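Engineer: Got input-v4.cif for you, mmCIF, C-alpha atoms:
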```cif
data_coords
#
loop_
_atom_site.label_atom_id
_atom_site.label_comp_id
_atom_site.auth_asym_id
_atom_site.auth_seq_id
_atom_site.Cartn_x
_atom_site.Cartn_y
_atom_site.Cartn_z
CA MET A 1 90.76 67.71 79.26
CA ASP A 2 88.71 64.53 79.63
CA SER A 3 88.05 62.12 76.78
CA GLN A 4 84.78 62.85 75.00
CA GLU A 5 83.12 59.81 76.54
CA ASN A 6 84.22 60.71 80.06
CA LEU A 7 83.27 64.37 79.54
CA ALA A 8 79.80 63.38 78.30
CA GLN A 9 79.12 61.32 81.43
CA ARG A 10 80.47 63.94 83.83
CA ALA A 11 78.52 66.64 82.01
CA THR A 12 75.32 64.61 82.29
CA ASP A 13 75.86 64.13 86.02
CA PHE A 14 76.58 67.85 86.40
CA SER A 15 73.48 69.07 84.53
CA GLN A 16 71.15 66.58 86.23
CA LEU A 17 72.34 67.68 89.65
CA LEU A 18 71.99 71.34 88.75
CA LEU A 19 68.45 70.84 87.47
CA THR A 20 67.44 69.26 90.79
CA TRP A 21 68.78 72.26 92.75
CA ASN A 22 66.24 73.64 95.17
CA ASN A 23 67.31 77.20 94.47
CA PRO A 24 65.86 79.40 97.25
CA LEU A 25 65.56 82.40 94.90
CA PRO A 26 65.46 81.37 91.24
CA GLY A 27 66.47 84.28 89.05
CA ARG A 28 67.62 86.19 92.15
CA GLY A 29 64.48 88.35 91.91
CA LEU A 30 65.94 90.21 88.94
CA PRO A 31 63.40 91.86 86.61
CA TRP A 32 64.66 90.01 83.55
CA ALA A 33 64.72 86.55 85.17
CA PHE A 34 62.67 83.94 83.27
CA GLU A 35 61.85 86.55 80.64
CA SER A 36 60.81 85.11 77.26
CA ASP A 37 60.76 88.32 75.18
CA PRO A 38 63.98 88.22 73.09
CA TYR A 39 64.14 92.03 73.02
CA LYS A 40 64.14 92.31 76.82
CA ILE A 41 66.60 89.43 77.15
CA TRP A 42 68.88 91.13 74.63
CA ILE A 43 68.82 94.43 76.52
CA SER A 44 69.59 92.74 79.84
CA GLU A 45 72.39 90.59 78.40
CA ILE A 46 74.11 93.59 76.81
CA MET A 47 73.82 95.64 80.00
CA LEU A 48 75.20 92.75 82.05
CA GLN A 49 78.38 92.62 79.98
CA GLN A 50 81.12 93.78 82.38
CA THR A 51 78.54 95.20 84.80
CA GLN A 52 77.08 93.74 88.01
CA ALA A 53 73.39 92.89 88.09
CA ARG A 54 72.51 95.21 90.98
CA THR A 55 73.99 98.13 89.02
CA VAL A 56 72.08 97.17 85.88
CA VAL A 57 68.57 96.93 87.39
CA PRO A 58 67.61 100.65 87.47
CA PHE A 59 69.15 101.25 84.03
CA TYR A 60 67.29 98.26 82.60
CA LEU A 61 63.94 99.45 83.94
CA LYS A 62 64.52 103.01 82.77
CA PHE A 63 65.70 101.86 79.34
CA LEU A 64 62.63 99.66 78.76
CA ALA A 65 60.30 102.40 79.96
CA ARG A 66 61.75 104.71 77.32
CA PHE A 67 62.37 102.11 74.58
CA PRO A 68 59.83 99.28 75.14
CA ASN A 69 60.48 97.57 71.80
CA VAL A 70 62.86 97.40 68.85
CA ILE A 71 60.99 100.03 66.82
CA GLU A 72 61.07 102.60 69.61
CA LEU A 73 64.80 102.02 70.04
CA ALA A 74 65.51 102.17 66.32
CA ASP A 75 63.55 105.41 65.89
CA ALA A 76 65.28 107.17 68.78
CA THR A 77 68.29 109.39 68.24
CA LEU A 78 71.67 108.21 69.41
CA ASP A 79 71.74 111.11 71.87
CA GLU A 80 68.50 109.86 73.45
CA VAL A 81 69.93 106.37 73.82
CA LEU A 82 73.22 107.58 75.26
CA SER A 83 71.37 109.86 77.67
CA ILE A 84 69.50 106.88 79.18
CA TRP A 85 72.79 104.94 79.26
CA THR A 86 74.75 107.68 81.07
CA GLY A 87 76.39 106.22 84.17
CA LEU A 88 76.36 102.59 83.01
CA GLY A 89 79.69 102.88 81.19
CA TYR A 90 81.14 100.99 78.22
CA TYR A 91 79.14 103.19 75.88
CA SER A 92 79.95 101.18 72.76
CA ARG A 93 77.27 98.80 74.07
CA ALA A 94 74.63 101.51 73.71
CA ARG A 95 75.83 102.47 70.24
CA ASN A 96 75.72 98.82 69.17
CA LEU A 97 72.22 98.38 70.60
CA HIS A 98 70.99 101.38 68.63
CA ARG A 99 72.62 100.24 65.41
CA ALA A 100 71.36 96.67 65.84
CA ALA A 101 67.80 97.92 66.43
CA GLN A 102 67.97 99.92 63.22
CA LEU A 103 69.13 96.83 61.34
CA ILE A 104 66.33 94.71 62.81
CA LYS A 105 63.79 97.37 61.83
CA SER A 106 65.08 97.67 58.27
CA GLN A 107 65.64 93.96 57.66
CA SER A 108 62.67 92.35 59.43
CA ASP A 109 60.18 95.14 60.21
CA GLY A 110 61.21 95.15 63.86
CA GLU A 111 60.69 91.43 64.46
CA PHE A 112 63.58 90.12 66.52
CA PRO A 113 65.37 87.33 64.63
CA GLU A 114 64.96 83.76 65.89
CA ASN A 115 68.00 82.32 64.13
CA PHE A 116 71.25 81.96 66.08
CA SER A 117 73.43 83.05 63.14
CA GLU A 118 71.31 86.13 62.46
CA ILE A 119 71.39 87.14 66.11
CA LEU A 120 75.14 86.56 66.29
CA SER A 121 75.65 88.83 63.26
CA LEU A 122 74.11 91.85 65.00
CA PRO A 123 76.50 94.54 66.30
CA GLY A 124 77.71 93.95 69.87
CA ILE A 125 76.45 90.37 70.14
CA GLY A 126 78.94 87.58 70.78
CA ARG A 127 78.50 83.85 71.03
CA SER A 128 77.44 83.78 74.69
CA THR A 129 74.93 86.62 74.32
CA ALA A 130 73.42 85.03 71.21
CA GLY A 131 73.29 81.72 73.08
CA ALA A 132 71.50 83.28 76.05
CA ILE A 133 68.88 84.91 73.82
CA CYS A 134 68.23 81.70 71.88
CA ALA A 135 68.14 79.54 75.01
CA LEU A 136 65.99 81.80 77.17
CA ALA A 137 63.62 83.12 74.49
CA PHE A 138 63.34 80.17 72.12
CA GLY A 139 64.44 77.12 74.15
CA MET A 140 67.31 76.28 71.81
CA LYS A 141 70.25 74.14 72.95
CA THR A 142 72.71 77.01 72.75
CA PRO A 143 75.21 77.14 75.63
CA ILE A 144 76.29 80.32 77.37
CA LEU A 145 79.70 81.23 78.72
CA ASP A 146 79.35 84.46 80.62
CA GLY A 147 81.58 85.24 83.59
CA ASN A 148 79.45 83.22 86.03
CA ALA A 149 79.28 80.14 83.78
CA LYS A 150 83.02 80.30 83.08
CA ARG A 151 83.80 80.21 86.78
CA VAL A 152 81.39 77.32 87.48
CA TYR A 153 82.69 75.20 84.59
CA ALA A 154 86.35 76.00 85.33
CA ARG A 155 85.93 74.73 88.89
CA GLY A 156 83.51 71.95 88.10
CA PHE A 157 85.84 70.41 85.50
CA CYS A 158 89.26 71.67 86.71
CA VAL A 159 90.04 73.72 83.63
CA ALA A 160 93.58 74.95 84.28
CA GLU A 161 94.94 75.45 80.78
CA GLU A 162 97.45 78.32 80.82
CA LYS A 163 96.86 79.45 77.25
CA GLU A 164 93.72 81.57 77.25
CA SER A 165 92.51 80.63 73.75
CA LYS A 166 92.82 76.91 74.54
CA ARG A 167 91.17 77.42 77.94
CA THR A 168 88.22 79.20 76.32
CA HIS A 169 87.93 76.45 73.72
CA ASP A 170 87.82 73.82 76.47
CA LEU A 171 85.20 75.76 78.42
CA TRP A 172 82.96 76.02 75.37
CA ASN A 173 83.22 72.26 74.87
CA ILE A 174 82.20 71.74 78.49
CA ALA A 175 79.33 74.22 78.21
CA GLN A 176 78.08 72.44 75.09
CA ALA A 177 78.29 69.05 76.79
CA CYS A 178 76.55 70.24 79.96
CA THR A 179 73.66 72.08 78.30
CA PRO A 180 70.78 69.60 78.19
CA THR A 181 68.35 69.08 75.32
CA ASP A 182 65.30 69.92 77.43
CA ARG A 183 64.53 72.39 80.24
CA ILE A 184 66.94 74.74 78.47
CA GLN A 185 65.56 77.95 79.96
CA MET A 186 65.74 76.57 83.49
CA TYR A 187 69.26 75.21 83.06
CA THR A 188 70.52 78.48 81.58
CA GLN A 189 69.00 80.47 84.43
CA LEU A 190 70.38 78.10 87.05
CA ILE A 191 73.95 78.12 85.73
CA MET A 192 73.91 81.92 86.00
CA ASP A 193 72.36 81.80 89.47
CA LEU A 194 74.89 79.24 90.66
CA GLY A 195 77.83 81.41 89.67
CA ALA A 196 76.28 84.57 91.08
CA THR A 197 75.16 83.24 94.46
CA ILE A 198 77.08 80.05 95.32
CA CYS A 199 80.19 79.61 93.15
CA THR A 200 81.33 83.17 93.77
CA PRO A 201 84.83 84.48 92.96
CA LYS A 202 85.75 84.64 96.65
CA ASN A 203 84.53 82.45 99.50
CA PRO A 204 82.28 80.14 97.45
CA LYS A 205 79.52 78.42 99.45
CA CYS A 206 80.51 74.89 98.47
CA THR A 207 78.40 73.18 101.14
CA LYS A 208 75.28 74.68 99.57
CA CYS A 209 76.30 73.85 96.00
CA PRO A 210 74.05 71.38 94.14
CA VAL A 211 77.00 70.03 92.13
CA GLU A 212 79.48 69.77 95.02
CA SER A 213 79.65 65.97 94.78
CA VAL A 214 80.95 66.09 91.19
CA CYS A 215 82.97 69.33 91.36
CA CYS A 216 86.56 68.60 90.37
CA ALA A 217 87.95 71.66 92.15
CA LYS A 218 86.18 70.76 95.39
CA LEU A 219 87.28 67.11 95.22
CA ASN A 220 90.90 68.15 94.59
CA ASN A 221 91.02 71.13 96.94
CA LEU A 222 91.54 73.55 94.03
CA THR A 223 88.57 75.85 94.57
CA SER A 224 90.69 78.84 95.56
CA HIS A 225 93.02 78.33 92.60
CA LEU A 226 90.38 78.17 89.87
CA PRO A 227 89.54 79.74 87.59
CA LEU A 228 93.02 80.91 86.69
CA LYS A 229 93.40 84.60 87.30
CA LYS A 230 94.47 87.02 84.61
CA ARG A 231 97.72 88.81 85.26
CA SER A 232 96.87 92.25 86.55
CA LEU A 233 98.70 95.08 84.85
CA PRO A 234 99.65 98.22 86.78
CA ARG A 235 97.04 100.91 86.28
CA LYS A 236 98.25 103.77 84.14
CA THR A 237 97.43 107.40 84.86
CA LYS A 238 96.41 110.04 82.34
CA SER A 239 95.64 113.70 82.89
CA THR A 240 93.48 116.26 81.16
CA VAL A 241 92.08 119.74 81.65
CA MET A 242 88.34 120.05 81.04
CA ILE A 243 87.36 123.51 79.87
CA MET A 244 83.98 124.62 81.19
CA ALA A 245 83.33 127.53 78.83
CA ILE A 246 80.20 129.51 79.71
CA ASP A 247 78.67 132.60 78.09
CA ASP A 248 76.55 135.42 79.55
CA SER A 249 73.36 133.46 78.77
CA ASN A 250 74.55 130.59 80.97
CA ARG A 251 75.18 128.39 77.93
CA LEU A 252 77.91 125.85 78.50
CA LEU A 253 79.95 124.65 75.53
CA LEU A 254 79.95 120.91 74.83
CA GLU A 255 81.80 118.97 72.17
CA ARG A 256 80.80 115.59 70.75
CA ARG A 257 83.56 113.06 71.24
CA PRO A 258 84.77 110.82 68.39
CA ALA A 259 82.99 107.52 67.79
CA THR A 260 86.02 105.52 68.90
CA GLY A 261 87.84 105.66 72.22
CA ILE A 262 86.43 106.45 75.64
CA TRP A 263 83.00 108.06 75.85
CA GLY A 264 82.47 107.55 72.11
CA LYS A 265 79.78 109.88 70.69
CA LEU A 266 78.99 111.37 74.09
CA TRP A 267 79.00 115.12 74.72
CA SER A 268 81.85 116.35 76.88
CA PHE A 269 83.83 119.49 77.65
CA PRO A 270 86.65 120.55 75.38
CA GLU A 271 89.88 119.06 76.69
CA TYR A 272 93.30 120.64 76.75
CA SER A 273 96.71 119.20 77.59
CA GLY A 274 99.10 122.05 76.84
CA ASP A 275 100.55 124.95 78.81
CA LEU A 276 97.73 126.95 80.40
CA ASN A 277 99.47 130.15 79.31
CA ASP A 278 98.73 129.12 75.73
CA LEU A 279 95.09 128.20 76.36
CA GLY A 280 93.60 131.44 75.03
CA PRO A 281 95.21 131.32 71.56
CA TRP A 282 94.59 127.55 71.31
CA PHE A 283 90.90 127.94 72.17
CA ARG A 284 90.50 130.80 69.68
CA ASN A 285 92.12 128.77 66.89
CA GLN A 286 90.17 125.65 67.77
CA TYR A 287 86.70 127.09 68.32
CA ALA A 288 86.79 130.72 67.09
CA ILE A 289 86.00 131.78 70.65
CA GLN A 290 87.75 134.33 72.85
CA ILE A 291 87.82 133.35 76.51
CA GLU A 292 89.09 134.53 79.85
CA VAL A 293 89.89 132.22 82.74
CA ILE A 294 87.65 132.59 85.79
CA GLU A 295 89.03 129.93 88.11
CA LYS A 296 90.64 126.51 88.29
CA TRP A 297 88.85 123.88 90.33
CA GLN A 298 90.44 121.16 92.38
CA GLU A 299 91.65 118.12 90.47
CA PHE A 300 89.71 114.86 90.84
CA HIS A 301 89.91 111.47 89.17
CA HIS A 302 87.70 109.06 87.26
CA ASP A 303 88.66 105.40 87.07
CA PHE A 304 88.39 103.22 83.98
CA THR A 305 89.14 99.51 83.82
CA HIS A 306 92.76 99.96 82.80
CA TYR A 307 93.68 103.47 83.82
CA ARG A 308 92.87 106.46 86.01
CA LEU A 309 92.02 109.80 84.44
CA ASN A 310 93.00 112.85 86.50
CA ILE A 311 90.72 115.75 85.60
CA THR A 312 91.40 119.42 86.27
CA PRO A 313 88.26 121.52 85.66
CA LEU A 314 88.89 125.04 84.41
CA LEU A 315 86.02 127.52 84.38
CA VAL A 316 86.31 130.14 81.65
CA ARG A 317 84.03 132.90 80.36
CA ILE A 318 83.21 133.21 76.68
CA LYS A 319 83.99 136.83 75.80
CA SER A 320 83.26 136.82 72.08
CA VAL A 321 82.70 134.42 69.23
CA ASP A 322 83.11 134.45 65.47
CA GLY A 323 79.69 133.33 64.27
CA ASP A 324 77.70 130.81 66.31
CA PRO A 325 79.93 127.94 67.44
CA PHE A 326 76.92 126.16 68.92
CA SER A 327 75.51 125.57 65.44
CA CYS A 328 78.35 123.26 64.36
CA ASN A 329 77.67 119.52 64.10
CA ASP A 330 80.13 118.59 66.82
CA LEU A 331 79.61 121.60 69.08
CA ASP A 332 76.55 122.37 71.12
CA CYS A 333 75.61 123.75 74.49
CA VAL A 334 73.55 123.10 77.56
CA VAL A 335 71.77 125.85 79.43
CA LEU A 336 72.67 125.47 83.07
CA ASP A 337 69.21 125.82 84.55
CA GLN A 338 67.52 123.57 81.97
CA PRO A 339 67.56 119.76 81.82
CA THR A 340 69.38 118.11 78.93
CA ASP A 341 68.69 114.84 77.13
CA ARG A 342 72.23 114.57 75.80
CA GLY A 343 74.42 111.65 76.74
CA VAL A 344 77.31 112.93 78.84
CA PRO A 345 80.01 111.04 80.79
CA VAL A 346 79.56 110.75 84.53
CA PRO A 347 82.32 113.23 85.48
CA VAL A 348 80.88 115.78 83.04
CA ALA A 349 77.40 115.36 84.51
CA GLU A 350 78.88 115.84 87.98
CA LEU A 351 80.70 118.99 86.91
CA ILE A 352 77.56 120.44 85.33
CA ALA A 353 75.67 119.79 88.57
CA ARG A 354 78.43 121.46 90.56
CA LEU A 355 78.43 124.39 88.20
CA VAL A 356 74.66 124.81 88.55
CA ASN A 357 75.12 124.92 92.31
CA HIS A 358 78.09 127.28 91.94
CA ARG A 359 76.23 129.74 89.66
CA PHE A 360 72.74 129.76 91.14
CA ASN A 361 72.86 128.62 94.75
CA SER A 362 75.80 130.75 95.84
CA ARG A 363 74.18 134.05 94.97
#
```
Show this structure as structure tokens.
Structural biologist:
Amino acid sequence: MDSQENLAQRATDFSQLLLTWNNPLPGRGLPWAFESDPYKIWISEIMLQQTQARTVVPFYLKFLARFPNVIELADATLDEVLSIWTGLGYYSRARNLHRAAQLIKSQSDGEFPENFSEILSLPGIGRSTAGAICALAFGMKTPILDGNAKRVYARGFCVAEEKESKRTHDLWNIAQACTPTDRIQMYTQLIMDLGATICTPKNPKCTKCPVESVCCAKLNNLTSHLPLKKRSLPRKTKSTVMIMAIDDSNRLLLERRPATGIWGKLWSFPEYSGDLNDLGPWFRNQYAIQIEVIEKWQEFHHDFTHYRLNITPLLVRIKSVDGDPFSCNDLDCVVLDQPTDRGVPVPVAELIARLVNHRFNSR
């Protein structure tokens, strides 16, 4: 790491060069680019966590059409929010958005806070997200360190510290030093654009880079080695049987998943991991429902960041029930030929669509 004096000079050179960049497409044409509404910036920043911009765009537009402001989001049910989020993944982000909106409504009548500490205290908001909101909406000198900025700074200043905590600390120091005191919105947008379009993970376009002349990695032929890559762990595999239990009224049983873990608070099929010969008694004890197996569908998989889930769908008929299981808090149903506003995981939505086709289009 450079001395503070040396870092300050290099950071000044870096930011001045970046601010003179003749970016051919500032903001990359994204709908949230150069936005000044803190609510819209917040939504985009949360959606962009661990998700590529091109994937986010349709979800962002749909989300804002349904929840155009904090009050609308706070007053919605969690199911409504999760339904709009279905397919974007990392559903804790949606739950945190909903909870944060409720806090903003109760604490400040729906006015988005303008204080960095208050924004940082909201559920699901970390230092970089709070920095982006404050910089883009309010012009504050608050650096960001999203994935794009990390890569640019790691190469620009040859950050090669092996220990991740120390490396992150160094990158924050660099981000702070590079972020200017004026033209904050432009600088923040440009550092994101630079990482997304020029200083890409593979095959960076160094000859088109506005900071090439001061880039440490370029000057020392280290571009392909930085930033340091995380050690990749072998992907684990898990298996489950999803029980598609349907009654004579074409109602399909769904169960709300726990708040923690994958698909938290979404509606999914009951899952079973035991011997299929014991499924009937288990299902009766678990749900007070008698079933008979209709058919087993071909196994398929759904990939998460760290593991692959092998799913075996099992179609069963509900023969009889004790009471009305669909009236329980964590049990409900969808009617196959009617749309649902419940949030369901992608593989569950796909199975429901297949089941609709199986039941109605094959007659």
Engineer: As a check of understanding, name the residues that the PyMOL selection byres ((chain A and resi 260-264) around 7) selects in the supplied structure, as a PyMOL selection string.
Structural biologist: chain A and resi 91-92+257-259+265-266+345
Engineer: Can I get the selected residues back with C-alpha atoms, as a tab-separated table (two decimals), keeping the file's coordinate frame?
Structural biologist:
```
chain	number	residue	atom	x	y	z
A	91	TYR	CA	79.14	103.19	75.88
A	92	SER	CA	79.95	101.18	72.76
A	257	ARG	CA	83.56	113.06	71.24
A	258	PRO	CA	84.77	110.82	68.39
A	259	ALA	CA	82.99	107.52	67.79
A	265	LYS	CA	79.78	109.88	70.69
A	266	LEU	CA	78.99	111.37	74.09
A	345	PRO	CA	80.01	111.04	80.79
```
Engineer: Can you turn the PyMOL selection byres ((chain A and resi 233-237) around 6) into a concrete residue list for this file, as a PyMOL selection string?
Structural biologist: chain A and resi 232+238+306-309
Engineer: Using only C-alpha atoms - which residues lie no farther than 12 Å from the point (69.9, 86.3, 66.4) in the file's frame? Write them as a ChimeraX atom specification.
Structural biologist: /A:38-39,41-42,100-101,103-104,108,111-135,137-138,140,142
Engineer: Would you please work out which residue, of A:Asp37, A:Asp337, A:Glu72, A:Asp170, is nearest to Asn250 (chain A) when using all atoms listed in the file?
Structural biologist: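 Smallest distance to Asn250 (chain A) is found for A:Asp337.
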Engineer: What is the CA of Lys105 (chain A)-CA of Val70 (chain A) distance in Å, reported with one decimal?
Structural biologist: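 If I compute the distance from CA of Lys105 (chain A) to CA of Val70 (chain A), I get 7.1 Å.
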Engineer: Would you mind listing what lies within 12 Å of Gln286 (chain A) as an MDAnalysis selection string, with only C-alpha atoms counted and same-chain residues fewer than 3 positions away left out?
Structural biologist: chainID A and resid 255 270:272 279:283 289:291 321:322 325 331
Engineer: Run through the PyMOL selection byres ((chain A and resi 197) around 12) on the given coordinates and return the selected residues as a PyMOL selection string.
Structural biologist: chain A and resi 23-28+53+148-149+151-152+190-196+198-206+208-210
Engineer: In Å to one decimal, how far is CA of Gln49 (chain A) from CA of Thr20 (chain A)?
Structural biologist: 28.0 Å
Engineer: Considering only C-alpha atoms, can you say which of A:Ser239, A:Ser213, A:Thr207, A:Thr188 comes closest to Phe34 (chain A)?
Structural biologist: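 Of A:Ser239, A:Ser213, A:Thr207, A:Thr188, the one nearest Phe34 (chain A), counting only C-alpha atoms, is A:Thr188.
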